[in-house]
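Okay, protein24.txt now, which holds compact mmCIF, C-alpha atoms:
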```txt
# COMPACT_ATOMS: atom_id res chain seq x y z
CA MET A 1 -100.12 -58.43 48.62
CA ALA A 2 -101.26 -54.81 48.81
CA LEU A 3 -104.11 -53.82 46.48
CA LYS A 4 -101.85 -51.32 44.69
CA ASP A 5 -99.17 -53.93 44.12
CA LYS A 6 -101.78 -56.44 43.01
CA ASN A 7 -103.16 -54.04 40.39
CA ARG A 8 -99.61 -53.35 39.17
CA PHE A 9 -99.00 -57.12 38.87
CA ILE A 10 -102.22 -57.61 36.87
CA LEU A 11 -101.30 -54.72 34.55
CA LEU A 12 -97.81 -56.14 33.97
CA LEU A 13 -99.25 -59.59 33.30
CA SER A 14 -101.70 -58.13 30.78
CA VAL A 15 -98.88 -56.34 28.95
CA LEU A 16 -96.84 -59.55 28.79
CA ILE A 17 -99.81 -61.48 27.44
CA VAL A 18 -100.32 -58.88 24.70
CA ILE A 19 -96.60 -58.96 23.78
CA PHE A 20 -96.53 -62.74 23.77
CA ALA A 21 -99.65 -62.92 21.62
CA GLY A 22 -98.05 -60.53 19.13
CA CYS A 23 -94.89 -62.64 18.98
CA THR A 24 -96.77 -65.87 18.40
CA LYS A 25 -99.16 -64.49 15.78
CA GLU A 26 -99.32 -66.93 12.88
CA LYS A 27 -97.72 -65.71 9.68
CA THR A 28 -99.88 -64.98 6.66
CA SER A 29 -99.73 -67.19 3.55
CA VAL A 30 -97.79 -64.44 1.78
CA GLU A 31 -95.22 -64.31 4.59
CA LYS A 32 -94.88 -68.10 4.60
CA MET A 33 -94.40 -68.18 0.83
CA TYR A 34 -91.82 -65.41 1.07
CA ASP A 35 -89.87 -67.38 3.68
CA VAL A 36 -89.85 -70.47 1.45
CA LEU A 37 -88.68 -68.59 -1.65
CA GLU A 38 -85.92 -66.78 0.22
CA LYS A 39 -84.71 -70.04 1.79
CA VAL A 40 -84.53 -71.51 -1.71
CA VAL A 41 -82.18 -68.68 -2.67
CA SER A 42 -79.96 -69.48 0.32
CA ALA A 43 -80.03 -73.21 -0.46
CA GLU A 44 -78.80 -72.55 -4.00
CA LYS A 45 -75.87 -70.39 -2.95
CA GLU A 46 -73.49 -73.34 -3.21
CA PHE A 47 -74.94 -74.17 -6.62
CA GLU A 48 -74.02 -70.66 -7.79
CA GLU A 49 -70.51 -71.02 -6.37
CA GLN A 50 -69.81 -74.06 -8.57
CA GLN A 51 -70.50 -72.37 -11.91
CA ASN A 52 -67.26 -70.45 -12.47
CA PRO A 53 -64.96 -73.26 -11.28
CA LEU A 54 -66.77 -75.72 -13.55
CA VAL A 55 -66.42 -73.49 -16.60
CA THR A 56 -62.72 -72.90 -15.81
CA LEU A 57 -62.05 -76.64 -15.49
CA GLU A 58 -63.93 -77.40 -18.71
CA LYS A 59 -61.86 -74.82 -20.60
CA LYS A 60 -58.61 -76.26 -19.23
CA GLU A 61 -59.62 -79.77 -20.22
CA LYS A 62 -60.55 -78.59 -23.73
CA GLU A 63 -57.11 -76.98 -24.07
CA ILE A 64 -55.44 -80.25 -23.03
CA TYR A 65 -57.59 -82.22 -25.49
CA ASP A 66 -56.55 -79.88 -28.31
CA GLN A 67 -52.88 -80.30 -27.36
CA ILE A 68 -53.16 -84.09 -27.38
CA ILE A 69 -54.81 -84.10 -30.81
CA LYS A 70 -51.92 -82.05 -32.24
CA LEU A 71 -49.26 -84.42 -30.87
CA GLY A 72 -48.05 -87.46 -32.76
CA MET A 73 -47.38 -90.86 -31.17
CA LYS A 74 -43.66 -90.05 -31.20
CA GLU A 75 -44.48 -87.76 -28.30
CA TYR A 76 -46.22 -90.53 -26.37
CA ASP A 77 -44.77 -89.53 -22.98
CA GLN A 78 -46.23 -86.05 -23.37
CA ILE A 79 -49.60 -87.52 -24.36
CA VAL A 80 -49.62 -89.67 -21.21
CA LYS A 81 -48.73 -86.68 -19.06
CA LEU A 82 -51.49 -84.52 -20.60
CA SER A 83 -54.01 -87.37 -20.34
CA ASP A 84 -53.29 -87.75 -16.63
CA GLU A 85 -53.82 -84.00 -16.17
CA ALA A 86 -57.14 -84.24 -18.01
CA LEU A 87 -58.22 -87.19 -15.85
CA LEU A 88 -57.50 -85.14 -12.74
CA LEU A 89 -59.56 -82.26 -14.12
CA ALA A 90 -62.44 -84.65 -14.83
CA ASP A 91 -62.38 -85.79 -11.18
CA GLN A 92 -62.42 -82.16 -10.03
CA ARG A 93 -65.36 -81.42 -12.31
CA LYS A 94 -67.22 -84.37 -10.82
CA GLU A 95 -66.67 -82.99 -7.31
CA HIS A 96 -68.10 -79.61 -8.31
CA MET A 97 -71.06 -81.26 -10.03
CA GLU A 98 -71.78 -83.27 -6.87
CA LYS A 99 -71.78 -80.07 -4.80
CA GLU A 100 -74.06 -78.41 -7.35
CA THR A 101 -76.49 -81.32 -7.27
CA LYS A 102 -76.50 -81.43 -3.46
CA SER A 103 -77.37 -77.73 -3.40
CA ILE A 104 -80.22 -78.21 -5.88
CA LYS A 105 -81.58 -81.11 -3.82
CA GLU A 106 -81.57 -78.93 -0.69
CA SER A 107 -83.34 -76.23 -2.67
CA GLU A 108 -85.99 -78.72 -3.79
CA LYS A 109 -86.53 -79.88 -0.21
CA GLU A 110 -87.17 -76.28 0.87
CA PHE A 111 -89.32 -75.40 -2.13
CA LYS A 112 -91.68 -78.37 -1.69
CA LYS A 113 -92.93 -76.65 1.47
CA ALA A 114 -94.71 -74.24 -0.88
CA ALA A 115 -97.09 -77.05 -1.86
CA ASN A 116 -99.08 -76.46 1.34
CA ILE A 117 -99.14 -72.68 0.88
CA LYS A 118 -99.71 -71.96 -2.82
CA ASP A 119 -103.52 -72.39 -2.73
CA LYS A 120 -104.19 -70.42 0.46
CA PHE A 121 -104.04 -66.83 -0.77
CA GLU A 122 -107.08 -64.59 -0.61
CA ASP A 123 -105.92 -62.89 -3.81
CA THR A 124 -106.84 -65.18 -6.76
CA ASP A 125 -104.09 -63.61 -8.89
CA LEU A 126 -101.55 -64.54 -6.23
CA THR A 127 -102.87 -68.10 -6.14
CA LYS A 128 -102.52 -68.34 -9.92
CA LEU A 129 -98.97 -66.98 -9.85
CA ALA A 130 -97.97 -69.25 -6.96
CA ASN A 131 -99.24 -72.34 -8.78
CA GLU A 132 -97.46 -71.37 -11.98
CA LEU A 133 -94.31 -70.68 -10.00
CA TYR A 134 -94.54 -74.09 -8.35
CA GLU A 135 -95.03 -75.95 -11.63
CA ILE A 136 -92.09 -74.20 -13.29
CA MET A 137 -89.75 -74.85 -10.38
CA MET A 138 -90.66 -78.54 -10.17
CA GLU A 139 -89.95 -78.86 -13.90
CA ARG A 140 -86.64 -77.09 -13.27
CA TYR A 141 -85.67 -79.68 -10.67
CA LYS A 142 -86.50 -82.48 -13.14
CA ALA A 143 -84.40 -80.71 -15.77
CA HIS A 144 -81.43 -80.61 -13.41
CA ASP A 145 -81.83 -84.32 -12.67
CA ALA A 146 -81.58 -84.97 -16.41
CA LEU A 147 -78.61 -82.61 -16.73
CA ASN A 148 -76.82 -84.33 -13.86
CA ILE A 149 -77.28 -87.76 -15.50
CA GLU A 150 -75.99 -86.55 -18.88
CA TYR A 151 -73.08 -84.63 -17.36
CA ASN A 152 -71.89 -87.64 -15.38
CA GLU A 153 -72.17 -89.79 -18.48
CA ALA A 154 -70.02 -87.24 -20.32
CA LEU A 155 -67.44 -87.33 -17.53
CA LYS A 156 -67.32 -91.12 -17.72
CA ASN A 157 -66.78 -90.96 -21.49
CA ASP A 158 -64.15 -88.25 -21.04
CA LYS A 159 -62.15 -90.46 -18.69
CA GLU A 160 -62.45 -93.42 -21.04
CA LEU A 161 -61.09 -91.27 -23.87
CA TYR A 162 -58.04 -90.11 -21.92
CA GLU A 163 -57.30 -93.67 -20.84
CA MET A 164 -57.48 -94.67 -24.51
CA PHE A 165 -55.00 -91.93 -25.43
CA LYS A 166 -52.51 -93.65 -23.11
CA ASN A 167 -52.78 -96.92 -25.06
CA LYS A 168 -50.03 -97.08 -27.71
CA ASP A 169 -51.69 -99.96 -29.55
CA LEU A 170 -55.15 -98.46 -29.69
CA PRO A 171 -56.82 -98.89 -33.11
CA LEU A 172 -57.70 -95.54 -34.71
CA GLU A 173 -61.28 -96.73 -35.33
CA ASP A 174 -61.80 -97.26 -31.58
CA LEU A 175 -60.55 -93.77 -30.83
CA GLU A 176 -62.81 -92.23 -33.47
CA ALA A 177 -65.79 -94.18 -32.13
CA GLN A 178 -65.11 -92.90 -28.60
CA VAL A 179 -64.79 -89.29 -29.80
CA ASN A 180 -68.10 -89.60 -31.68
CA LYS A 181 -69.73 -91.11 -28.61
CA LEU A 182 -68.41 -88.26 -26.50
CA ASN A 183 -69.64 -85.64 -28.95
CA GLU A 184 -73.14 -87.13 -28.87
CA THR A 185 -73.09 -87.12 -25.07
CA TYR A 186 -72.11 -83.45 -24.93
CA LYS A 187 -74.91 -82.59 -27.35
CA ARG A 188 -77.33 -84.04 -24.81
CA VAL A 189 -75.57 -82.16 -22.01
CA TYR A 190 -75.96 -78.91 -23.96
CA THR A 191 -79.66 -79.57 -24.63
CA ALA A 192 -80.32 -80.46 -20.97
CA ASN A 193 -78.43 -77.38 -19.78
CA GLU A 194 -80.36 -75.12 -22.17
CA LYS A 195 -83.66 -76.44 -20.81
CA PHE A 196 -82.52 -75.97 -17.21
CA ASN A 197 -81.40 -72.38 -17.91
CA MET A 198 -84.66 -71.60 -19.71
CA LEU A 199 -86.73 -72.85 -16.75
CA THR A 200 -84.50 -70.92 -14.32
CA GLU A 201 -85.20 -67.74 -16.26
CA GLN A 202 -88.93 -68.49 -16.33
CA TYR A 203 -88.92 -69.13 -12.59
CA ASN A 204 -87.12 -65.87 -11.83
CA ASP A 205 -89.56 -63.90 -13.99
CA LYS A 206 -92.58 -65.56 -12.38
CA LYS A 207 -91.13 -65.05 -8.91
CA LEU A 208 -90.67 -61.35 -9.65
CA SER A 209 -94.30 -61.14 -10.78
CA PHE A 210 -95.41 -62.86 -7.58
CA TYR A 211 -93.37 -60.49 -5.41
CA LYS A 212 -94.79 -57.44 -7.19
CA GLN A 213 -98.35 -58.71 -6.87
CA ALA A 214 -97.81 -59.48 -3.17
CA GLY A 215 -95.99 -56.19 -2.51
CA LEU A 216 -92.82 -58.03 -1.49
CA LYS A 217 -89.17 -57.25 -2.02
CA SER A 218 -86.48 -59.88 -2.33
CA SER A 219 -83.68 -59.65 0.21
CA LYS A 220 -81.30 -61.49 -2.17
```
Represent the supplied structure as structure tokens.
Amino acid sequence: MALKDKNRFILLLSVLIVIFAGCTKEKTSVEKMYDVLEKVVSAEKEFEEQQNPLVTLEKKEKEIYDQIIKLGMKEYDQIVKLSDEALLLADQRKEHMEKETKSIKESEKEFKKAANIKDKFEDTDLTKLANELYEIMMERYKAHDALNIEYNEALKNDKELYEMFKNKDLPLEDLEAQVNKLNETYKRVYTANEKFNMLTEQYNDKKLSFYKQAGLKSSK
């Protein structure tokens, strides 16, 4: 190899080494935390997509329930038809709730990666915010677990009620007991949902504070 060509080869190799080193530079703790938080947003996209369909199905089922209550047993065939429609809606709601829960579980899996990052910031204020953010989000995941349990219990009680409506010989006391049981279940669903929403709001506020302190901007 000629000396000139050899020098050119060494220069090119040096440039490639510099470029490669730049590409493989380890991310900062802030960048790693940012990646985790943005992946959590992506993981919860399916969760967000279930909200409107769930509300729509719940409203439809409530309308059917009101119709059944207004009908007398002389219109038994209509009651059976409406009850079957409500049972179908309950199954559809369960499917959406399963998708929602799967999305939250994927979010939790991504977010837990922050456990190894949250204490590695040079800025003590960032460390404090990251730890608060982590605690709130983990509580939020627990709140959704509780909500999921209560919601599925409500769905089970819903289906039992509509099956009871289809029973001509059902004692009125049994029906009243089931309605009361269902009402109590939905009170727990409401309470669990309120807690989940409150923690979601707290998380979003804390995340915004973290981003501002770190000089970051959310892409979502």
Pick from A:Ile104, A:Leu71, A:Val40, A:Ile136: nearest to A:Lys195, with only C-alpha atoms counted?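 Looking at the shortest contact to A:Lys195, the residue is A:Ile136.
Atom CA of A:Ser29 is found 6.1 Å from atom CA of A:Phe121.
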May I have the residues within 12 Å of A:Glu201 as number ranges by chain, using all atoms listed in the file and disregarding those fewer than 5 positions away in the same chain? A: 133, 136-137, 140, 194-196, 206-208
Can you work out which one of A:Leu182, A:Leu87, A:Met198, A:Ala114 has the shortest atom-to-atom distance to A:Glu150, counting all atoms listed in the file?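 Smallest distance to A:Glu150 is found for A:Leu182.
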Using all atoms listed in the file, which protein or nucleic acid residues come within 9 Å of A:Ile68? Drop anything in the same chain fewer than 6 positions from it, and give the result as a list in words.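 Selected residues are Gln78, Ile79, Leu82, Ser83 and Phe165 of chain A.
Nearest residue to A:Glu49, choosing from A:Asn157, A:Gln67, A:Gln213, A:Ser103 and counting only C-alpha atoms: A:Ser103.
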Hey, what's within 12 Å of A:Tyr141 if we count all atoms listed in the file and toss same-chain stuff fewer than 4 positions away? As a short mmCIF file (atom, residue, chain, number, x, y, z; two decimals) with C-alpha atoms, keeping the file's coordinate frame, please?
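As a result, out.cif now contains:
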```
data_model
loop_
_atom_site.label_atom_id
_atom_site.label_comp_id
_atom_site.auth_asym_id
_atom_site.auth_seq_id
_atom_site.Cartn_x
_atom_site.Cartn_y
_atom_site.Cartn_z
CA GLU A 44 -78.80 -72.55 -4.00
CA THR A 101 -76.49 -81.32 -7.27
CA LYS A 102 -76.50 -81.43 -3.46
CA SER A 103 -77.37 -77.73 -3.40
CA ILE A 104 -80.22 -78.21 -5.88
CA LYS A 105 -81.58 -81.11 -3.82
CA GLU A 106 -81.57 -78.93 -0.69
CA SER A 107 -83.34 -76.23 -2.67
CA GLU A 108 -85.99 -78.72 -3.79
CA LYS A 109 -86.53 -79.88 -0.21
CA PHE A 111 -89.32 -75.40 -2.13
CA LYS A 112 -91.68 -78.37 -1.69
CA TYR A 134 -94.54 -74.09 -8.35
CA GLU A 135 -95.03 -75.95 -11.63
CA ILE A 136 -92.09 -74.20 -13.29
CA MET A 137 -89.75 -74.85 -10.38
CA ASP A 145 -81.83 -84.32 -12.67
CA ALA A 146 -81.58 -84.97 -16.41
CA LEU A 147 -78.61 -82.61 -16.73
CA ASN A 148 -76.82 -84.33 -13.86
CA ALA A 192 -80.32 -80.46 -20.97
CA ASN A 193 -78.43 -77.38 -19.78
CA LYS A 195 -83.66 -76.44 -20.81
CA PHE A 196 -82.52 -75.97 -17.21
CA ASN A 197 -81.40 -72.38 -17.91
CA LEU A 199 -86.73 -72.85 -16.75
CA THR A 200 -84.50 -70.92 -14.32
CA TYR A 203 -88.92 -69.13 -12.59
#
```
Interatomic distance, atom CA of A:Tyr186 to atom CA of A:Glu58 (Å, one decimal):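 Taking atom CA of A:Tyr186 as the start and atom CA of A:Glu58 as the end point, the length is 11.9 Å.
As for atom CA of A:Ala130 and atom CA of A:Lys118, they are spaced 5.2 Å apart.
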Would it be fine to have stretch 133-170 of chain A, with N, CA, C and O atoms, given as a PDB file, in the first residue's frame?
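To be explicit, this is the file written out as decode.pdb:
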```
ATOM      1  N   LEU A 133     -43.135  10.320  41.263  1.00  0.00           N
ATOM      2  CA  LEU A 133     -43.811   9.855  40.055  1.00  0.00           C
ATOM      3  C   LEU A 133     -43.967   8.333  40.092  1.00  0.00           C
ATOM      4  O   LEU A 133     -45.037   7.793  39.775  1.00  0.00           O
ATOM      5  N   TYR A 134     -42.898   7.660  40.494  1.00  0.00           N
ATOM      6  CA  TYR A 134     -42.907   6.196  40.542  1.00  0.00           C
ATOM      7  C   TYR A 134     -43.926   5.681  41.561  1.00  0.00           C
ATOM      8  O   TYR A 134     -44.692   4.750  41.277  1.00  0.00           O
ATOM      9  N   GLU A 135     -43.941   6.287  42.732  1.00  0.00           N
ATOM     10  CA  GLU A 135     -44.865   5.854  43.783  1.00  0.00           C
ATOM     11  C   GLU A 135     -46.321   6.041  43.363  1.00  0.00           C
ATOM     12  O   GLU A 135     -47.161   5.163  43.585  1.00  0.00           O
ATOM     13  N   ILE A 136     -46.607   7.179  42.751  1.00  0.00           N
ATOM     14  CA  ILE A 136     -47.978   7.462  42.302  1.00  0.00           C
ATOM     15  C   ILE A 136     -48.416   6.453  41.246  1.00  0.00           C
ATOM     16  O   ILE A 136     -49.522   5.908  41.300  1.00  0.00           O
ATOM     17  N   MET A 137     -47.534   6.194  40.283  1.00  0.00           N
ATOM     18  CA  MET A 137     -47.901   5.289  39.193  1.00  0.00           C
ATOM     19  C   MET A 137     -48.110   3.866  39.695  1.00  0.00           C
ATOM     20  O   MET A 137     -49.039   3.172  39.248  1.00  0.00           O
ATOM     21  N   MET A 138     -47.281   3.416  40.637  1.00  0.00           N
ATOM     22  CA  MET A 138     -47.454   2.066  41.165  1.00  0.00           C
ATOM     23  C   MET A 138     -48.767   1.950  41.935  1.00  0.00           C
ATOM     24  O   MET A 138     -49.439   0.914  41.888  1.00  0.00           O
ATOM     25  N   GLU A 139     -49.143   3.021  42.624  1.00  0.00           N
ATOM     26  CA  GLU A 139     -50.448   3.043  43.304  1.00  0.00           C
ATOM     27  C   GLU A 139     -51.579   3.022  42.277  1.00  0.00           C
ATOM     28  O   GLU A 139     -52.625   2.416  42.498  1.00  0.00           O
ATOM     29  N   ARG A 140     -51.361   3.693  41.156  1.00  0.00           N
ATOM     30  CA  ARG A 140     -52.356   3.720  40.081  1.00  0.00           C
ATOM     31  C   ARG A 140     -52.583   2.314  39.516  1.00  0.00           C
ATOM     32  O   ARG A 140     -53.722   1.922  39.245  1.00  0.00           O
ATOM     33  N   TYR A 141     -51.512   1.567  39.346  1.00  0.00           N
ATOM     34  CA  TYR A 141     -51.651   0.198  38.841  1.00  0.00           C
ATOM     35  C   TYR A 141     -52.431  -0.670  39.831  1.00  0.00           C
ATOM     36  O   TYR A 141     -53.279  -1.484  39.442  1.00  0.00           O
ATOM     37  N   LYS A 142     -52.169  -0.482  41.129  1.00  0.00           N
ATOM     38  CA  LYS A 142     -52.919  -1.225  42.157  1.00  0.00           C
ATOM     39  C   LYS A 142     -54.395  -0.840  42.116  1.00  0.00           C
ATOM     40  O   LYS A 142     -55.275  -1.695  42.274  1.00  0.00           O
ATOM     41  N   ALA A 143     -54.648   0.446  41.889  1.00  0.00           N
ATOM     42  CA  ALA A 143     -56.032   0.935  41.827  1.00  0.00           C
ATOM     43  C   ALA A 143     -56.767   0.314  40.645  1.00  0.00           C
ATOM     44  O   ALA A 143     -57.961  -0.009  40.741  1.00  0.00           O
ATOM     45  N   HIS A 144     -56.055   0.141  39.532  1.00  0.00           N
ATOM     46  CA  HIS A 144     -56.711  -0.474  38.377  1.00  0.00           C
ATOM     47  C   HIS A 144     -56.963  -1.956  38.617  1.00  0.00           C
ATOM     48  O   HIS A 144     -57.989  -2.491  38.161  1.00  0.00           O
ATOM     49  N   ASP A 145     -56.077  -2.617  39.330  1.00  0.00           N
ATOM     50  CA  ASP A 145     -56.311  -4.021  39.687  1.00  0.00           C
ATOM     51  C   ASP A 145     -57.609  -4.145  40.476  1.00  0.00           C
ATOM     52  O   ASP A 145     -58.427  -5.036  40.218  1.00  0.00           O
ATOM     53  N   ALA A 146     -57.784  -3.239  41.445  1.00  0.00           N
ATOM     54  CA  ALA A 146     -58.998  -3.245  42.269  1.00  0.00           C
ATOM     55  C   ALA A 146     -60.230  -2.941  41.424  1.00  0.00           C
ATOM     56  O   ALA A 146     -61.281  -3.576  41.582  1.00  0.00           O
ATOM     57  N   LEU A 147     -60.091  -1.971  40.520  1.00  0.00           N
ATOM     58  CA  LEU A 147     -61.198  -1.609  39.631  1.00  0.00           C
ATOM     59  C   LEU A 147     -61.584  -2.785  38.740  1.00  0.00           C
ATOM     60  O   LEU A 147     -62.775  -3.068  38.551  1.00  0.00           O
ATOM     61  N   ASN A 148     -60.601  -3.472  38.221  1.00  0.00           N
ATOM     62  CA  ASN A 148     -60.853  -4.616  37.345  1.00  0.00           C
ATOM     63  C   ASN A 148     -61.628  -5.714  38.077  1.00  0.00           C
ATOM     64  O   ASN A 148     -62.570  -6.304  37.540  1.00  0.00           O
ATOM     65  N   ILE A 149     -61.236  -5.976  39.318  1.00  0.00           N
ATOM     66  CA  ILE A 149     -61.918  -6.998  40.134  1.00  0.00           C
ATOM     67  C   ILE A 149     -63.384  -6.612  40.359  1.00  0.00           C
ATOM     68  O   ILE A 149     -64.295  -7.422  40.169  1.00  0.00           O
ATOM     69  N   GLU A 150     -63.605  -5.355  40.766  1.00  0.00           N
ATOM     70  CA  GLU A 150     -64.971  -4.899  41.051  1.00  0.00           C
ATOM     71  C   GLU A 150     -65.825  -4.861  39.783  1.00  0.00           C
ATOM     72  O   GLU A 150     -67.008  -5.208  39.810  1.00  0.00           O
ATOM     73  N   TYR A 151     -65.227  -4.439  38.677  1.00  0.00           N
ATOM     74  CA  TYR A 151     -65.976  -4.331  37.424  1.00  0.00           C
ATOM     75  C   TYR A 151     -66.416  -5.715  36.935  1.00  0.00           C
ATOM     76  O   TYR A 151     -67.555  -5.893  36.481  1.00  0.00           O
ATOM     77  N   ASN A 152     -65.532  -6.688  37.048  1.00  0.00           N
ATOM     78  CA  ASN A 152     -65.878  -8.043  36.631  1.00  0.00           C
ATOM     79  C   ASN A 152     -66.928  -8.669  37.552  1.00  0.00           C
ATOM     80  O   ASN A 152     -67.776  -9.442  37.091  1.00  0.00           O
ATOM     81  N   GLU A 153     -66.881  -8.299  38.823  1.00  0.00           N
ATOM     82  CA  GLU A 153     -67.912  -8.758  39.748  1.00  0.00           C
ATOM     83  C   GLU A 153     -69.267  -8.149  39.371  1.00  0.00           C
ATOM     84  O   GLU A 153     -70.301  -8.831  39.406  1.00  0.00           O
ATOM     85  N   ALA A 154     -69.242  -6.873  38.984  1.00  0.00           N
ATOM     86  CA  ALA A 154     -70.472  -6.204  38.547  1.00  0.00           C
ATOM     87  C   ALA A 154     -71.029  -6.856  37.286  1.00  0.00           C
ATOM     88  O   ALA A 154     -72.240  -7.054  37.165  1.00  0.00           O
ATOM     89  N   LEU A 155     -70.163  -7.196  36.358  1.00  0.00           N
ATOM     90  CA  LEU A 155     -70.599  -7.867  35.127  1.00  0.00           C
ATOM     91  C   LEU A 155     -71.242  -9.214  35.436  1.00  0.00           C
ATOM     92  O   LEU A 155     -72.262  -9.587  34.836  1.00  0.00           O
ATOM     93  N   LYS A 156     -70.638  -9.948  36.367  1.00  0.00           N
ATOM     94  CA  LYS A 156     -71.194 -11.248  36.762  1.00  0.00           C
ATOM     95  C   LYS A 156     -72.589 -11.067  37.364  1.00  0.00           C
ATOM     96  O   LYS A 156     -73.526 -11.798  37.024  1.00  0.00           O
ATOM     97  N   ASN A 157     -72.739 -10.064  38.219  1.00  0.00           N
ATOM     98  CA  ASN A 157     -74.038  -9.791  38.842  1.00  0.00           C
ATOM     99  C   ASN A 157     -75.062  -9.285  37.826  1.00  0.00           C
ATOM    100  O   ASN A 157     -76.250  -9.572  37.932  1.00  0.00           O
ATOM    101  N   ASP A 158     -74.582  -8.521  36.854  1.00  0.00           N
ATOM    102  CA  ASP A 158     -75.449  -8.053  35.761  1.00  0.00           C
ATOM    103  C   ASP A 158     -76.057  -9.244  35.028  1.00  0.00           C
ATOM    104  O   ASP A 158     -77.269  -9.303  34.792  1.00  0.00           O
ATOM    105  N   LYS A 159     -75.199 -10.183  34.661  1.00  0.00           N
ATOM    106  CA  LYS A 159     -75.646 -11.341  33.888  1.00  0.00           C
ATOM    107  C   LYS A 159     -76.614 -12.197  34.702  1.00  0.00           C
ATOM    108  O   LYS A 159     -77.601 -12.723  34.153  1.00  0.00           O
ATOM    109  N   GLU A 160     -76.339 -12.319  35.985  1.00  0.00           N
ATOM    110  CA  GLU A 160     -77.250 -13.066  36.855  1.00  0.00           C
ATOM    111  C   GLU A 160     -78.628 -12.409  36.885  1.00  0.00           C
ATOM    112  O   GLU A 160     -79.658 -13.091  36.856  1.00  0.00           O
ATOM    113  N   LEU A 161     -78.642 -11.078  36.935  1.00  0.00           N
ATOM    114  CA  LEU A 161     -79.903 -10.337  36.970  1.00  0.00           C
ATOM    115  C   LEU A 161     -80.725 -10.576  35.710  1.00  0.00           C
ATOM    116  O   LEU A 161     -81.937 -10.839  35.778  1.00  0.00           O
ATOM    117  N   TYR A 162     -80.067 -10.495  34.554  1.00  0.00           N
ATOM    118  CA  TYR A 162     -80.804 -10.656  33.292  1.00  0.00           C
ATOM    119  C   TYR A 162     -81.283 -12.092  33.087  1.00  0.00           C
ATOM    120  O   TYR A 162     -82.326 -12.309  32.466  1.00  0.00           O
ATOM    121  N   GLU A 163     -80.546 -13.057  33.638  1.00  0.00           N
ATOM    122  CA  GLU A 163     -81.020 -14.435  33.604  1.00  0.00           C
ATOM    123  C   GLU A 163     -82.243 -14.588  34.509  1.00  0.00           C
ATOM    124  O   GLU A 163     -83.186 -15.327  34.184  1.00  0.00           O
ATOM    125  N   MET A 164     -82.237 -13.869  35.622  1.00  0.00           N
ATOM    126  CA  MET A 164     -83.379 -13.909  36.549  1.00  0.00           C
ATOM    127  C   MET A 164     -84.616 -13.290  35.920  1.00  0.00           C
ATOM    128  O   MET A 164     -85.736 -13.767  36.134  1.00  0.00           O
ATOM    129  N   PHE A 165     -84.431 -12.234  35.136  1.00  0.00           N
ATOM    130  CA  PHE A 165     -85.559 -11.601  34.455  1.00  0.00           C
ATOM    131  C   PHE A 165     -86.283 -12.598  33.534  1.00  0.00           C
ATOM    132  O   PHE A 165     -87.475 -12.474  33.269  1.00  0.00           O
ATOM    133  N   LYS A 166     -85.537 -13.562  33.035  1.00  0.00           N
ATOM    134  CA  LYS A 166     -86.098 -14.544  32.086  1.00  0.00           C
ATOM    135  C   LYS A 166     -86.848 -15.682  32.787  1.00  0.00           C
ATOM    136  O   LYS A 166     -87.428 -16.544  32.138  1.00  0.00           O
ATOM    137  N   ASN A 167     -86.819 -15.666  34.113  1.00  0.00           N
ATOM    138  CA  ASN A 167     -87.495 -16.699  34.906  1.00  0.00           C
ATOM    139  C   ASN A 167     -88.893 -16.221  35.308  1.00  0.00           C
ATOM    140  O   ASN A 167     -89.042 -15.337  36.144  1.00  0.00           O
ATOM    141  N   LYS A 168     -89.917 -16.819  34.726  1.00  0.00           N
ATOM    142  CA  LYS A 168     -91.304 -16.416  34.994  1.00  0.00           C
ATOM    143  C   LYS A 168     -91.695 -16.607  36.459  1.00  0.00           C
ATOM    144  O   LYS A 168     -92.502 -15.853  36.994  1.00  0.00           O
ATOM    145  N   ASP A 169     -91.138 -17.626  37.081  1.00  0.00           N
ATOM    146  CA  ASP A 169     -91.541 -17.983  38.446  1.00  0.00           C
ATOM    147  C   ASP A 169     -90.620 -17.400  39.516  1.00  0.00           C
ATOM    148  O   ASP A 169     -90.627 -17.839  40.668  1.00  0.00           O
ATOM    149  N   LEU A 170     -89.842 -16.434  39.133  1.00  0.00           N
ATOM    150  CA  LEU A 170     -88.877 -15.864  40.082  1.00  0.00           C
ATOM    151  C   LEU A 170     -89.589 -15.076  41.187  1.00  0.00           C
ATOM    152  O   LEU A 170     -90.391 -14.175  40.888  1.00  0.00           O
TER     153      LEU A 170
END
```
